[in-house]
$ cat run.pdb   # PDB, C-alpha atoms and all ligand atoms
ATOM      1  CA  MET A  13     -48.028 -77.915  39.775  1.00  0.00           C
ATOM      2  CA  ASN A  14     -49.227 -75.600  42.496  1.00  0.00           C
ATOM      3  CA  ARG A  15     -50.633 -72.117  42.082  1.00  0.00           C
ATOM      4  CA  PHE A  16     -47.228 -70.524  42.592  1.00  0.00           C
ATOM      5  CA  GLU A  17     -45.625 -72.614  39.849  1.00  0.00           C
ATOM      6  CA  GLN A  18     -48.510 -72.022  37.435  1.00  0.00           C
ATOM      7  CA  GLU A  19     -48.187 -68.273  37.884  1.00  0.00           C
ATOM      8  CA  LEU A  20     -44.403 -68.452  37.451  1.00  0.00           C
ATOM      9  CA  LYS A  21     -44.930 -70.120  34.101  1.00  0.00           C
ATOM     10  CA  ASN A  22     -46.992 -67.087  33.063  1.00  0.00           C
ATOM     11  CA  ASN A  23     -44.215 -64.765  34.239  1.00  0.00           C
ATOM     12  CA  ASN A  24     -46.252 -63.749  37.282  1.00  0.00           C
ATOM     13  CA  LEU A  25     -44.674 -63.681  40.697  1.00  0.00           C
ATOM     14  CA  VAL A  26     -47.118 -64.348  43.516  1.00  0.00           C
ATOM     15  CA  CYS A  27     -46.881 -65.353  47.132  1.00  0.00           C
ATOM     16  CA  SER A  28     -49.340 -66.827  49.568  1.00  0.00           C
ATOM     17  CA  GLU A  29     -50.330 -64.874  52.628  1.00  0.00           C
ATOM     18  CA  CYS A  30     -52.063 -66.356  55.659  1.00  0.00           C
ATOM     19  CA  LEU A  31     -55.559 -64.981  56.283  1.00  0.00           C
ATOM     20  CA  LYS A  32     -55.272 -65.761  59.993  1.00  0.00           C
ATOM     21  CA  CYS A  33     -51.840 -64.517  61.031  1.00  0.00           C
ATOM     22  CA  ASN A  34     -51.251 -62.225  58.009  1.00  0.00           C
ATOM     23  CA  LYS A  35     -47.783 -63.641  57.431  1.00  0.00           C
ATOM     24  CA  ILE A  36     -46.285 -64.385  54.042  1.00  0.00           C
ATOM     25  CA  VAL A  37     -46.132 -68.151  53.687  1.00  0.00           C
ATOM     26  CA  TRP A  38     -42.829 -69.083  52.095  1.00  0.00           C
ATOM     27  CA  PRO A  39     -42.184 -71.418  50.371  1.00  0.00           C
ATOM     28  CA  PRO A  40     -45.632 -70.759  48.892  1.00  0.00           C
ATOM     29  CA  SER A  41     -48.305 -73.172  49.970  1.00  0.00           C
ATOM     30  CA  ASP A  42     -52.070 -73.545  50.047  1.00  0.00           C
ATOM     31  CA  TYR A  43     -51.909 -73.570  53.853  1.00  0.00           C
ATOM     32  CA  CYS A  44     -50.038 -71.477  56.384  1.00  0.00           C
ATOM     33  CA  ASN A  45     -46.924 -73.294  57.626  1.00  0.00           C
ATOM     34  CA  LYS A  46     -47.398 -71.788  61.100  1.00  0.00           C
ATOM     35  CA  CYS A  47     -51.090 -72.013  61.937  1.00  0.00           C
ATOM     36  CA  PHE A  48     -52.436 -74.094  58.999  1.00  0.00           C
ATOM     37  CA  GLY A  49     -54.847 -71.286  58.161  1.00  0.00           C
ATOM     38  CA  ASP A  50     -56.117 -70.635  54.638  1.00  0.00           C
ATOM     39  CA  VAL A  51     -54.064 -68.381  52.419  1.00  0.00           C
ATOM     40  CA  THR A  52     -54.762 -65.729  49.864  1.00  0.00           C
ATOM     41  CA  TRP A  53     -52.544 -65.188  46.821  1.00  0.00           C
ATOM     42  CA  ARG A  54     -51.205 -61.830  45.802  1.00  0.00           C
ATOM     43  CA  LYS A  55     -48.599 -60.411  43.474  1.00  0.00           C
ATOM     44  CA  ILE A  56     -45.139 -59.617  44.794  1.00  0.00           C
ATOM     45  CA  SER A  57     -43.213 -56.508  43.834  1.00  0.00           C
ATOM     46  CA  ARG A  58     -40.573 -57.282  41.217  1.00  0.00           C
ATOM     47  CA  ASN A  59     -38.051 -55.020  42.937  1.00  0.00           C
ATOM     48  CA  ALA A  60     -35.385 -57.038  44.704  1.00  0.00           C
ATOM     49  CA  THR A  61     -32.159 -56.583  46.623  1.00  0.00           C
ATOM     50  CA  LEU A  62     -28.968 -58.454  45.809  1.00  0.00           C
ATOM     51  CA  VAL A  63     -27.985 -60.526  48.855  1.00  0.00           C
ATOM     52  CA  GLU A  64     -25.211 -62.643  47.384  1.00  0.00           C
ATOM     53  CA  TYR A  65     -23.839 -63.562  44.005  1.00  0.00           C
ATOM     54  CA  SER A  66     -21.211 -65.667  42.366  1.00  0.00           C
ATOM     55  CA  CYS A  67     -20.090 -65.773  38.751  1.00  0.00           C
ATOM     56  CA  LYS A  68     -18.663 -68.811  37.038  1.00  0.00           C
ATOM     57  CA  ASN A  69     -17.953 -69.451  33.362  1.00  0.00           C
ATOM     58  CA  GLY A  70     -19.855 -66.346  32.341  1.00  0.00           C
ATOM     59  CA  ASP A  71     -22.989 -67.151  34.344  1.00  0.00           C
ATOM     60  CA  CYS A  72     -23.922 -65.215  37.454  1.00  0.00           C
ATOM     61  CA  PHE A  73     -26.085 -66.760  40.124  1.00  0.00           C
ATOM     62  CA  CYS A  74     -27.569 -64.714  42.905  1.00  0.00           C
ATOM     63  CA  ILE A  75     -29.647 -64.771  46.019  1.00  0.00           C
ATOM     64  CA  ALA A  76     -32.160 -61.952  45.826  1.00  0.00           C
ATOM     65  CA  GLU A  77     -34.504 -60.706  48.486  1.00  0.00           C
ATOM     66  CA  LEU A  78     -38.055 -59.628  47.652  1.00  0.00           C
ATOM     67  CA  GLU A  79     -40.331 -57.582  49.890  1.00  0.00           C
ATOM     68  CA  GLY A  80     -37.547 -57.584  52.481  1.00  0.00           C
ATOM     69  CA  GLN A  81     -38.151 -61.183  53.492  1.00  0.00           C
ATOM     70  CA  ILE A  82     -38.523 -63.582  50.573  1.00  0.00           C
ATOM     71  CA  ARG A  83     -35.255 -65.016  49.284  1.00  0.00           C
ATOM     72  CA  VAL A  84     -34.959 -66.719  45.926  1.00  0.00           C
ATOM     73  CA  ILE A  85     -32.059 -68.084  43.902  1.00  0.00           C
ATOM     74  CA  GLY A  86     -31.799 -66.748  40.401  1.00  0.00           C
ATOM     75  CA  THR A  87     -29.475 -65.600  37.671  1.00  0.00           C
ATOM     76  CA  ILE A  88     -28.405 -62.098  36.702  1.00  0.00           C
ATOM     77  CA  GLN A  89     -28.325 -61.087  33.067  1.00  0.00           C
ATOM     78  CA  ASP A  90     -26.475 -57.814  33.399  1.00  0.00           C
ATOM     79  CA  LYS A  91     -23.203 -58.776  35.034  1.00  0.00           C
ATOM     80  CA  SER A  92     -21.351 -55.473  35.185  1.00  0.00           C
ATOM     81  CA  ASP A  93     -20.541 -53.776  38.490  1.00  0.00           C
ATOM     82  CA  LEU A  94     -22.543 -56.001  40.802  1.00  0.00           C
ATOM     83  CA  LYS A  95     -22.604 -54.919  44.420  1.00  0.00           C
ATOM     84  CA  ILE A  96     -24.131 -56.638  47.424  1.00  0.00           C
ATOM     85  CA  GLY A  97     -27.175 -54.678  48.529  1.00  0.00           C
ATOM     86  CA  GLN A  98     -27.905 -53.103  45.164  1.00  0.00           C
ATOM     87  CA  SER A  99     -31.336 -53.008  43.596  1.00  0.00           C
ATOM     88  CA  LEU A 100     -32.410 -55.612  41.092  1.00  0.00           C
ATOM     89  CA  ILE A 101     -35.485 -56.006  38.934  1.00  0.00           C
ATOM     90  CA  LEU A 102     -37.023 -59.380  38.270  1.00  0.00           C
ATOM     91  CA  GLU A 103     -37.016 -59.445  34.494  1.00  0.00           C
ATOM     92  CA  ARG A 104     -38.595 -62.825  33.965  1.00  0.00           C
ATOM     93  CA  CYS A 105     -39.706 -65.842  35.954  1.00  0.00           C
ATOM     94  CA  ASP A 106     -40.581 -69.266  34.664  1.00  0.00           C
ATOM     95  CA  TYR A 107     -41.155 -72.817  35.769  1.00  0.00           C
ATOM     96  CA  ASP A 108     -40.028 -75.939  33.916  1.00  0.00           C
ATOM     97  CA  GLY A 109     -39.776 -78.354  36.823  1.00  0.00           C
ATOM     98  CA  ASN A 110     -37.496 -75.876  38.539  1.00  0.00           C
ATOM     99  CA  GLU A 111     -38.208 -72.327  39.579  1.00  0.00           C
ATOM    100  CA  LYS A 112     -36.407 -69.832  37.378  1.00  0.00           C
ATOM    101  CA  PHE A 113     -35.792 -66.228  38.321  1.00  0.00           C
ATOM    102  CA  ILE A 114     -33.913 -63.931  35.973  1.00  0.00           C
ATOM    103  CA  PHE A 115     -32.849 -60.588  37.356  1.00  0.00           C
ATOM    104  CA  ARG A 116     -31.117 -57.563  35.979  1.00  0.00           C
ATOM    105  CA  ALA A 117     -29.400 -54.738  37.787  1.00  0.00           C
ATOM    106  CA  LYS A 118     -31.453 -51.630  38.360  1.00  0.00           C
ATOM    107  CA  ARG A 119     -29.553 -48.527  37.355  1.00  0.00           C
ATOM    108  CA  ASN A 120     -29.820 -45.330  39.340  1.00  0.00           C
ATOM    109  CA  ASP A 121     -30.322 -42.923  36.482  1.00  0.00           C
TER     110      ASP A 121
HETATM  111 ZN    ZN B 201     -51.021 -68.427  59.696  1.00  0.00          ZN
END

$ encode --input "run.pdb" --output "C-alpha cells"
Amino acid sequence: MNRFEQELKNNNLVCSECLKCNKIVWPPSDYCNKCFGDVTWRKISRNATLVEYSCKNGDCFCIAELEGQIRVIGTIQDKSDLKIGQSLILERCDYDGNEKFIFRAKRND
C-alpha cells in the first residue's frame, strides 16, 4: 500500500505534488512522473465537479473532478436531479484493494 492508499483508508484524500516542477503528480506516486523529482503530500479539497455519470440498477457511478484537474471514478449516494457540471462533496473515501470514492450532491441552499 502506498501513502495515497493508506490515507484513503483513513478517509483522508491526499495527492502528491512535485517539489521540482510544482505539478500535481497523478496517479499519486512517490516520484514525479515528469521529472522524477521528489514529491510532497498534501490534502486535496473535498469539493468536486460532476464530469459524467451513469445510473444502473439503482447505483450511480460518476467521474468527478477535484481541484480542476484530478479525475476519479466514484459513486454518488444522493441520486436525485444530477446534472453534469454540478458541485459534489466527497463524503467518504476508502481503500480495500480498490480506491473507493463516495460523493453526494452539494445543494445550493
Ligand atoms: Zn516534477

$ resolve_selection --input "run.pdb" --expression "the PyMOL selection byres (((not hetatm)) within 12 of (chain B and resi 201))" --output "PyMOL selection string"
chain A and resi 28-38+41-52

$ resolve_selection --input "run.pdb" --expression "the PyMOL selection byres (((chain A and resi 109) around 12) and not hetatm)" --output "PyMOL selection string"
chain A and resi 13-14+17-18+20-21+106-108+110-112

$ closest_residue --input "run.pdb" --among "A:Arg104, A:Leu25, A:Val84, A:Asp90" --to "A:Cys67" --atoms "all atoms listed in the file"
A:Asp90

$ closest_residue --input "run.pdb" --among "A:Gln81, A:Asn69, A:Asn24, A:Thr61" --to "A:Gln98" --atoms "only C-alpha atoms"
A:Thr61

$ residues_around --input "run.pdb" --residues "A:Leu94" --least-positions-apart "6" --cutoff "9 Å" --atoms "all atoms listed in the file" --output "PDB file with C-alpha atoms, in the frame of the given file"
ATOM      1  CA  LEU A  62     -28.968 -58.454  45.809  1.00  0.00           C
ATOM      2  CA  TYR A  65     -23.839 -63.562  44.005  1.00  0.00           C
ATOM      3  CA  ALA A 117     -29.400 -54.738  37.787  1.00  0.00           C
TER       4      ALA A 117
END

$ atom_distance --input "run.pdb" --atom1 "atom CA of A:Ala60" --atom2 "atom CA of A:Cys105"
13.1 Å

$ residues_around --input "run.pdb" --residues "A:Phe16" --least-positions-apart "3" --cutoff "7 Å" --atoms "only C-alpha atoms" --output "list in words"
Glu19, Leu20, Val26, Cys27 and Pro40 of chain A

$ atom_distance --input "run.pdb" --atom1 "atom CA of A:Asp93" --atom2 "atom CA of A:Lys68"
15.2 Å

$ atom_distance --input "run.pdb" --atom1 "atom CA of A:Cys72" --atom2 "atom CA of A:Glu103"
14.6 Å

$ closest_residue --input "run.pdb" --among "A:Arg15, A:Asn23, A:Ile88, A:Ile114" --to "A:Ser66" --atoms "all atoms listed in the file"
A:Ile88

$ closest_residue --input "run.pdb" --among "A:Arg54, A:Phe115, A:Arg83, A:Leu78" --to "A:Ile101" --atoms "all atoms listed in the file"
A:Phe115

$ resolve_selection --input "run.pdb" --expression "the PyMOL selection byres (((chain A and resi 63) around 7) and not hetatm)" --output "list of chain:residue names"
A:Thr61, A:Leu62, A:Glu64, A:Ile75, A:Ala76, A:Glu77, A:Ile96, A:Gly97

$ decode --input "run.pdb" --residues "stretch 36-52 of chain A" --atoms "all heavy atoms" --output "PDB file, in the first residue's frame"
ATOM      1  N   ILE A  36       0.941  18.670  -9.713  1.00  0.00           N
ATOM      2  CA  ILE A  36       0.315  17.554  -9.022  1.00  0.00           C
ATOM      3  C   ILE A  36       0.661  16.279  -9.783  1.00  0.00           C
ATOM      4  O   ILE A  36       0.550  16.228 -11.000  1.00  0.00           O
ATOM      5  CB  ILE A  36      -1.215  17.737  -8.952  1.00  0.00           C
ATOM      6  CG1 ILE A  36      -1.537  18.876  -7.963  1.00  0.00           C
ATOM      7  CG2 ILE A  36      -1.908  16.460  -8.535  1.00  0.00           C
ATOM      8  CD1 ILE A  36      -3.018  19.197  -7.852  1.00  0.00           C
ATOM      9  N   VAL A  37       1.138  15.296  -9.063  1.00  0.00           N
ATOM     10  CA  VAL A  37       1.501  14.020  -9.678  1.00  0.00           C
ATOM     11  C   VAL A  37       0.307  13.083  -9.539  1.00  0.00           C
ATOM     12  O   VAL A  37      -0.076  12.702  -8.433  1.00  0.00           O
ATOM     13  CB  VAL A  37       2.745  13.405  -9.003  1.00  0.00           C
ATOM     14  CG1 VAL A  37       3.112  12.088  -9.664  1.00  0.00           C
ATOM     15  CG2 VAL A  37       3.916  14.381  -9.050  1.00  0.00           C
ATOM     16  N   TRP A  38      -0.297  12.751 -10.644  1.00  0.00           N
ATOM     17  CA  TRP A  38      -1.483  11.899 -10.632  1.00  0.00           C
ATOM     18  C   TRP A  38      -1.409  10.889 -11.724  1.00  0.00           C
ATOM     19  O   TRP A  38      -1.150  11.274 -12.845  1.00  0.00           O
ATOM     20  CB  TRP A  38      -2.760  12.753 -10.782  1.00  0.00           C
ATOM     21  CG  TRP A  38      -3.973  12.003 -10.372  1.00  0.00           C
ATOM     22  CD1 TRP A  38      -4.800  11.280 -11.186  1.00  0.00           C
ATOM     23  CD2 TRP A  38      -4.480  11.867  -9.046  1.00  0.00           C
ATOM     24  NE1 TRP A  38      -5.785  10.710 -10.441  1.00  0.00           N
ATOM     25  CE2 TRP A  38      -5.617  11.050  -9.122  1.00  0.00           C
ATOM     26  CE3 TRP A  38      -4.055  12.347  -7.794  1.00  0.00           C
ATOM     27  CZ2 TRP A  38      -6.352  10.700  -7.993  1.00  0.00           C
ATOM     28  CZ3 TRP A  38      -4.800  12.001  -6.685  1.00  0.00           C
ATOM     29  CH2 TRP A  38      -5.934  11.189  -6.799  1.00  0.00           C
ATOM     30  N   PRO A  39      -1.609   9.599 -11.507  1.00  0.00           N
ATOM     31  CA  PRO A  39      -1.912   8.988 -10.209  1.00  0.00           C
ATOM     32  C   PRO A  39      -0.802   9.228  -9.190  1.00  0.00           C
ATOM     33  O   PRO A  39       0.372   9.338  -9.578  1.00  0.00           O
ATOM     34  CB  PRO A  39      -2.055   7.490 -10.534  1.00  0.00           C
ATOM     35  CG  PRO A  39      -1.628   7.306 -11.928  1.00  0.00           C
ATOM     36  CD  PRO A  39      -1.529   8.629 -12.586  1.00  0.00           C
ATOM     37  N   PRO A  40      -1.169   9.294  -7.912  1.00  0.00           N
ATOM     38  CA  PRO A  40      -0.211   9.639  -6.863  1.00  0.00           C
ATOM     39  C   PRO A  40       0.967   8.682  -6.841  1.00  0.00           C
ATOM     40  O   PRO A  40       0.807   7.481  -7.019  1.00  0.00           O
ATOM     41  CB  PRO A  40      -1.020   9.506  -5.567  1.00  0.00           C
ATOM     42  CG  PRO A  40      -2.430   9.589  -5.985  1.00  0.00           C
ATOM     43  CD  PRO A  40      -2.503   8.986  -7.349  1.00  0.00           C
ATOM     44  N   SER A  41       2.136   9.250  -6.623  1.00  0.00           N
ATOM     45  CA  SER A  41       3.346   8.445  -6.634  1.00  0.00           C
ATOM     46  C   SER A  41       4.387   9.101  -5.741  1.00  0.00           C
ATOM     47  O   SER A  41       4.283  10.274  -5.405  1.00  0.00           O
ATOM     48  CB  SER A  41       3.862   8.348  -8.076  1.00  0.00           C
ATOM     49  OG  SER A  41       5.181   7.883  -8.083  1.00  0.00           O
ATOM     50  N   ASP A  42       5.382   8.327  -5.356  1.00  0.00           N
ATOM     51  CA  ASP A  42       6.460   8.873  -4.528  1.00  0.00           C
ATOM     52  C   ASP A  42       7.435   9.708  -5.353  1.00  0.00           C
ATOM     53  O   ASP A  42       8.291  10.397  -4.812  1.00  0.00           O
ATOM     54  CB  ASP A  42       7.217   7.742  -3.838  1.00  0.00           C
ATOM     55  CG  ASP A  42       6.358   7.075  -2.769  1.00  0.00           C
ATOM     56  OD1 ASP A  42       5.506   7.774  -2.182  1.00  0.00           O
ATOM     57  OD2 ASP A  42       6.522   5.870  -2.532  1.00  0.00           O
ATOM     58  N   TYR A  43       7.328   9.588  -6.676  1.00  0.00           N
ATOM     59  CA  TYR A  43       8.209  10.372  -7.562  1.00  0.00           C
ATOM     60  C   TYR A  43       7.374  11.060  -8.634  1.00  0.00           C
ATOM     61  O   TYR A  43       6.338  10.548  -9.041  1.00  0.00           O
ATOM     62  CB  TYR A  43       9.233   9.465  -8.249  1.00  0.00           C
ATOM     63  CG  TYR A  43      10.173   8.817  -7.283  1.00  0.00           C
ATOM     64  CD1 TYR A  43       9.926   7.526  -6.826  1.00  0.00           C
ATOM     65  CD2 TYR A  43      11.284   9.501  -6.808  1.00  0.00           C
ATOM     66  CE1 TYR A  43      10.778   6.936  -5.912  1.00  0.00           C
ATOM     67  CE2 TYR A  43      12.141   8.917  -5.886  1.00  0.00           C
ATOM     68  CZ  TYR A  43      11.879   7.632  -5.441  1.00  0.00           C
ATOM     69  OH  TYR A  43      12.714   7.060  -4.530  1.00  0.00           O
ATOM     70  N   CYS A  44       7.852  12.195  -9.087  1.00  0.00           N
ATOM     71  CA  CYS A  44       7.169  12.910 -10.163  1.00  0.00           C
ATOM     72  C   CYS A  44       7.228  12.088 -11.444  1.00  0.00           C
ATOM     73  O   CYS A  44       8.279  11.565 -11.802  1.00  0.00           O
ATOM     74  CB  CYS A  44       7.848  14.266 -10.372  1.00  0.00           C
ATOM     75  SG  CYS A  44       7.152  15.203 -11.746  1.00  0.00           S
ATOM     76  N   ASN A  45       6.080  11.986 -12.148  1.00  0.00           N
ATOM     77  CA  ASN A  45       6.068  11.192 -13.386  1.00  0.00           C
ATOM     78  C   ASN A  45       6.595  11.983 -14.584  1.00  0.00           C
ATOM     79  O   ASN A  45       6.650  11.477 -15.689  1.00  0.00           O
ATOM     80  CB  ASN A  45       4.670  10.629 -13.660  1.00  0.00           C
ATOM     81  CG  ASN A  45       3.585  11.710 -13.649  1.00  0.00           C
ATOM     82  OD1 ASN A  45       3.890  12.898 -13.649  1.00  0.00           O
ATOM     83  ND2 ASN A  45       2.345  11.295 -13.635  1.00  0.00           N
ATOM     84  N   LYS A  46       6.979  13.247 -14.357  1.00  0.00           N
ATOM     85  CA  LYS A  46       7.547  14.045 -15.444  1.00  0.00           C
ATOM     86  C   LYS A  46       9.051  14.204 -15.299  1.00  0.00           C
ATOM     87  O   LYS A  46       9.809  13.985 -16.235  1.00  0.00           O
ATOM     88  CB  LYS A  46       6.895  15.428 -15.469  1.00  0.00           C
ATOM     89  CG  LYS A  46       5.402  15.365 -15.670  1.00  0.00           C
ATOM     90  CD  LYS A  46       4.932  16.380 -16.706  1.00  0.00           C
ATOM     91  CE  LYS A  46       3.533  16.055 -17.186  1.00  0.00           C
ATOM     92  NZ  LYS A  46       2.558  15.947 -16.078  1.00  0.00           N
ATOM     93  N   CYS A  47       9.491  14.605 -14.089  1.00  0.00           N
ATOM     94  CA  CYS A  47      10.918  14.901 -13.934  1.00  0.00           C
ATOM     95  C   CYS A  47      11.585  13.990 -12.895  1.00  0.00           C
ATOM     96  O   CYS A  47      12.758  14.151 -12.604  1.00  0.00           O
ATOM     97  CB  CYS A  47      11.114  16.370 -13.548  1.00  0.00           C
ATOM     98  SG  CYS A  47      10.599  16.734 -11.859  1.00  0.00           S
ATOM     99  N   PHE A  48      10.843  13.040 -12.338  1.00  0.00           N
ATOM    100  CA  PHE A  48      11.345  12.106 -11.329  1.00  0.00           C
ATOM    101  C   PHE A  48      11.836  12.805 -10.055  1.00  0.00           C
ATOM    102  O   PHE A  48      12.610  12.251  -9.294  1.00  0.00           O
ATOM    103  CB  PHE A  48      12.448  11.203 -11.904  1.00  0.00           C
ATOM    104  CG  PHE A  48      11.971  10.389 -13.067  1.00  0.00           C
ATOM    105  CD1 PHE A  48      12.323  10.736 -14.364  1.00  0.00           C
ATOM    106  CD2 PHE A  48      11.135   9.297 -12.876  1.00  0.00           C
ATOM    107  CE1 PHE A  48      11.851  10.007 -15.448  1.00  0.00           C
ATOM    108  CE2 PHE A  48      10.660   8.559 -13.948  1.00  0.00           C
ATOM    109  CZ  PHE A  48      11.023   8.914 -15.243  1.00  0.00           C
ATOM    110  N   GLY A  49      11.367  14.026  -9.840  1.00  0.00           N
ATOM    111  CA  GLY A  49      11.707  14.737  -8.618  1.00  0.00           C
ATOM    112  C   GLY A  49      10.975  14.158  -7.419  1.00  0.00           C
ATOM    113  O   GLY A  49      10.034  13.371  -7.563  1.00  0.00           O
ATOM    114  N   ASP A  50      11.401  14.554  -6.220  1.00  0.00           N
ATOM    115  CA  ASP A  50      10.715  14.126  -5.000  1.00  0.00           C
ATOM    116  C   ASP A  50       9.380  14.859  -4.884  1.00  0.00           C
ATOM    117  O   ASP A  50       9.218  15.959  -5.396  1.00  0.00           O
ATOM    118  CB  ASP A  50      11.562  14.441  -3.765  1.00  0.00           C
ATOM    119  CG  ASP A  50      12.762  13.516  -3.676  1.00  0.00           C
ATOM    120  OD1 ASP A  50      12.657  12.372  -4.171  1.00  0.00           O
ATOM    121  OD2 ASP A  50      13.786  13.939  -3.123  1.00  0.00           O
ATOM    122  N   VAL A  51       8.455  14.221  -4.174  1.00  0.00           N
ATOM    123  CA  VAL A  51       7.143  14.834  -4.015  1.00  0.00           C
ATOM    124  C   VAL A  51       6.857  15.146  -2.546  1.00  0.00           C
ATOM    125  O   VAL A  51       7.493  14.605  -1.644  1.00  0.00           O
ATOM    126  CB  VAL A  51       6.014  13.913  -4.553  1.00  0.00           C
ATOM    127  CG1 VAL A  51       6.193  13.645  -6.033  1.00  0.00           C
ATOM    128  CG2 VAL A  51       5.937  12.631  -3.751  1.00  0.00           C
ATOM    129  N   THR A  52       5.923  16.032  -2.371  1.00  0.00           N
ATOM    130  CA  THR A  52       5.394  16.293  -1.039  1.00  0.00           C
ATOM    131  C   THR A  52       3.921  15.912  -1.082  1.00  0.00           C
ATOM    132  O   THR A  52       3.307  15.927  -2.145  1.00  0.00           O
ATOM    133  CB  THR A  52       5.580  17.783  -0.659  1.00  0.00           C
ATOM    134  OG1 THR A  52       5.001  17.983   0.626  1.00  0.00           O
ATOM    135  CG2 THR A  52       4.899  18.711  -1.647  1.00  0.00           C
TER     136      THR A  52
END
